[in-house]
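All remarks here apply to the structure that follows.
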Amino acid sequence: MTSRRRLVLLGGGHSHLPVIVAAHGWHDRVDVTLVSPDAQTAYSGMVPGVIAGHYRAQECLIDIERLAGRSGVRFVQAAAVGLDPVQQTIQLGDGAVLPYDVASIDVGATPHLAPALADAVDTGHCGSMTVAPCKPFPMLIDRLDHFIAEHDARPRPVDLCVVGAGLAGIEVSLALAFRMRRHAEARVNLLCGDERLMPAAPRRVGAALERACADRGVTLLRDTRIESVEPGALVTGNGRRIPADLALFATGATAPAWLQGSGLALDPRGFIAVEPTLASVSHPSVFAAGDCASVLQHPRPKAGVHAVRQGPPLAGNLYRCIAGEAPVPFIPQREALALAALGPRSAIAIRNGIAIGGPASRDYLGTALADALARRLWRWKDRIDRAFVGRF
Ligand SMILES: Cc1cc2nc3c(=O)[nH]c(=O)nc-3n(C[C@H](O)[C@H](O)[C@H](O)COP(=O)(O)OP(=O)(O)OC[C@H]3O[C@@H](n4cnc5c(N)ncnc54)[C@H](O)[C@@H]3O)c2cc1C
C-alpha cells in the first residue's frame with residue numbers, strides 16, 4: 001500500500017483555481033492543502049469594471065475557501081514567508097511549518113514601488129493623500145470606496161493620480177474618470193514613466209489608448225517617474241512635485257521578496273524559473289505558475305490571461321507528479337487577446353499589435369460604428385469575465 005502524498009498549493013491565484021477544482025478527484029492518493037492570506041481572490045479582468053461602478057466588488061471575487069471546501073482541500077489562512085526545497089517544508093507567517101511532497105506556487109507579483117513609497121502604501125496615507133497599490137484588489141477597492149464616499153460627502157477640487165501607464169494603469173485611470181464623471185472638480189491624471197503610453201507596444205496601440213484617455217478627460221503626465229511621496233504630493237526623481245489627493249499605483253510587477261531566500265532557481269528579476277512543464281528548473285517537486293513564475297523557454301508578459309491558461313496544464317502535471325509520472329510540457333500562445341475596458345461599458349481589443357474598437361477604429365469606421373463596435377466588445381468581455389468567475 002502506498003502512503004498518501006501531500007500537495008501544498010501556495011496562493012489562490014488564477015492558475016490554482018482549476019487545480020482546486022480538479023483536486024476533488026484526487027482523494028484516493030493525496031491530501032491537498034491551500035495556503036492563502038485571503039479567503040477570497042479577485043478576478044483581475046473585472047477590477048476596472050468594479051472601479052467604474054459597473055460591478056459590485058463581490059462580483060469579481062471568488063471564494064477560494066468555499067471552493068477548497070467543496071473539493072475536500074484543507075484551507076489554511078496564512079501567507080507563506082519561506083520555502084525550503086531540501087527539507088520540503090513551507091514556513092508560514094504565523095510560525096507554522098508545513099511539510100510537502102509536491103508544492104505549487106501561484107502567489108502573483110507585487111507592484112514595483114520605490115522604497116521611499118513603502119510606508120505610505122502600507123498605511124494608505126501620506127498626510128491627507130490616500131495611497132493604494134492596485135494589488136491586492138480588496139485593499140484597492142476598500143481605500144478607493146472610502147476616498148469616494150468622503151469626497152461625495154464634501155466635494156472639492158481634487159487631483160486623482162494613477163501611477164504607471166501599462167494596460168492596468170490605463171484601464172484604472174479610464175475607469176476612475178468614468179466613476180467621477182459627474183464631479184467636474186475631480187481631475188484624473190495618468191503618470192507615465194516614459195514619453196508615451198505602453199512603450200513596449202506598437203505606436204498605434206499606444207495612440208489609440210491616448211485617444212481613449214482624451215475622450216474621458218484623463219490628463220497624461222509623460223516622463224513622470226515617481227520615486228517618493230510627501231504629504232499631498234507625489235515626487236519624481238528630479239524633485240518635481242505632482243499634487244495628489246489620491247494616488248493609485250499600477251507600477252509593473254516585481255517578484256515576492258520571500259522567494260529570494262528559498263533556494264529555488266530564480267530568473268534575473270527574481271521570479272521562479274520553471275520548465276515548460278511548470279516544474280521548477282532546480283527542484284522538480286516544486287511547480288509555479290502565473291505572475292510569480294517565469295517559463296524560461298517561453299517568456300511571456302505578466303498577465304492574468306497567461307495565468308488562467310496555465311491552470312489546466314498545471315493541474316495535469318501536479319497529478320502526474322503525485323502519481324510518479326513524467327510531466328508534460330505546455331507551450332503558451334505567443335500572443336494573447338487583451339480586451340481593455342475604456343471606462344463606460346465599452347472596450348478595445350488588442351492582439352498582435354493591432355487594436356480595434358472605439359478610438360482605435362474611428363479613422364476608418366467613423367465614430368458611430370467604431371463606438372458601437374467598442375460597446376459590442378465590452379459585452380463580449382463581460383460574458384467571458386462573468387463566465388470565468390461563475391465557473392468557480
Ligand atoms: C487593475 C488591474 C487590472 C488588470 N487587468 C487585467 C486584464 O484585464 N487581463 C489580464 O490578462 N491581466 C490583467 N491584469 C494583470 C493580472 O492581475 C495578473 O497578471 C494576474 O492577477 C496574475 O494572476 P496570478 O494567478 O499570478 O496571481 P494573483 O491573481 O495575483 O493571485 C495571487 C494570490 O496569491 C495570494 N498570495 C500572495 N502572497 C502569498 C503568500 N505569500 N502566501 C500565500 N498566498 C499568497 C494572494 O492573496 C492572491 O490570492 C490586471 C492587473 C491589474 C493591477
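Just so we're on the same page: first chain in the C-alpha cells is A, next is B, and so on; residues restart at 1 for each chain, and ligands are numbered from 1 in the order they show up.
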* Using only C-alpha atoms and all ligand atoms, find each protein or nucleic acid residue lying at most 7 Å from ligand 1; present the set as an MDAnalysis selection string. => chainID A and resid 10:16 35:38 40:48 78:81 106:109 134:136 168:169 171:172 250 289:292 302:307 338:340
* To do: Would you mind writing down, as JSON, numbers by chain, each residue of segment 322-390 of chain A that DSSP on the backbone assigns to alpha helix (DSSP H)?
  => {"A": [322, 362, 363, 364, 365, 367, 368, 369, 370, 371, 372, 373, 374, 375, 376, 377, 378, 379, 380, 381, 382, 383, 384, 385, 386, 387, 388, 389, 390]}
* To do: List the neighbours of Cys192 of chain A out to 9 Å using only C-alpha atoms; skip same-chain residues closer than 6 positions along the sequence, and give me the result as an MDAnalysis selection string.
  => chainID A and resid 162:166 198 220:225
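Our summary of the geometry notes that atom CA of Pro199 of chain A is positioned 13.7 Å from atom CA of Thr251 of chain A.
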Which residues of segment 80-154 of chain A sit at most 6 Å from segment 253-275 of chain A, using only C-alpha atoms? Give each one's shortest atom pair and distance in Å (one decimal place), in chain and ascending residue order, as JSON lines.
```
{"residue": "A:Val81", "atom": "CA", "partner": "A:Trp258", "partner_atom": "CA", "distance": 5.7}
{"residue": "A:Gly82", "atom": "CA", "partner": "A:Trp258", "partner_atom": "CA", "distance": 5.9}
{"residue": "A:Leu83", "atom": "CA", "partner": "A:Ser262", "partner_atom": "CA", "distance": 5.1}
{"residue": "A:Asp84", "atom": "CA", "partner": "A:Ser262", "partner_atom": "CA", "distance": 5.8}
{"residue": "A:Ala109", "atom": "CA", "partner": "A:Ala255", "partner_atom": "CA", "distance": 5.2}
{"residue": "A:Thr110", "atom": "CA", "partner": "A:Thr254", "partner_atom": "CA", "distance": 5.2}
{"residue": "A:Pro111", "atom": "CA", "partner": "A:Ala253", "partner_atom": "CA", "distance": 4.9}
{"residue": "A:His112", "atom": "CA", "partner": "A:Thr254", "partner_atom": "CA", "distance": 5.4}
```
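Excluding Thr33 of chain A itself and any same-chain residue fewer than 2 positions from it, the protein and nucleic acid residues within 7 Å of it, counting only C-alpha atoms, are Leu7, Val8, Leu9, Asp31, Val35, Val73, Arg74 and Phe75 of chain A.
For the pair atom CA of Gly353 of chain A and atom CA of Glu335 of chain A, the interatomic distance is 9.1 Å.
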* Ile242 of chain A: which residues within 9 Å, counting only C-alpha atoms, same-chain residues fewer than 2 positions away excluded, as a PyMOL selection string? -> chain A and resi 161+232-236+240+244
With C-alpha atoms kept, could you save the residues just selected as an mmCIF file, in the first residue's frame?
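As written to disk, selection.cif reads:
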```cif
data_model
loop_
_atom_site.group_PDB
_atom_site.id
_atom_site.type_symbol
_atom_site.label_atom_id
_atom_site.label_comp_id
_atom_site.auth_asym_id
_atom_site.auth_seq_id
_atom_site.Cartn_x
_atom_site.Cartn_y
_atom_site.Cartn_z
ATOM 1 C CA CYS A 161 -3.340 60.233 -9.873
ATOM 2 C CA GLY A 232 -0.311 65.881 -0.576
ATOM 3 C CA ALA A 233 2.120 65.214 -3.421
ATOM 4 C CA LEU A 234 3.956 62.609 -5.480
ATOM 5 C CA VAL A 235 7.585 63.440 -6.128
ATOM 6 C CA THR A 236 9.676 62.470 -9.176
ATOM 7 C CA ARG A 240 9.115 67.636 -9.351
ATOM 8 C CA ALA A 244 -2.378 64.411 -5.432
#
```
* Asked: Any idea what's packed within 9 Å of segment 374-386 of chain A, counting only C-alpha atoms, ignoring anything in its chain fewer than 2 positions away? Could you give it as a VMD selection string?
  -> chain A and resid 43 45 to 46 59 to 60 339 to 342 344 to 349 356 to 359 369 to 372 388 to 391
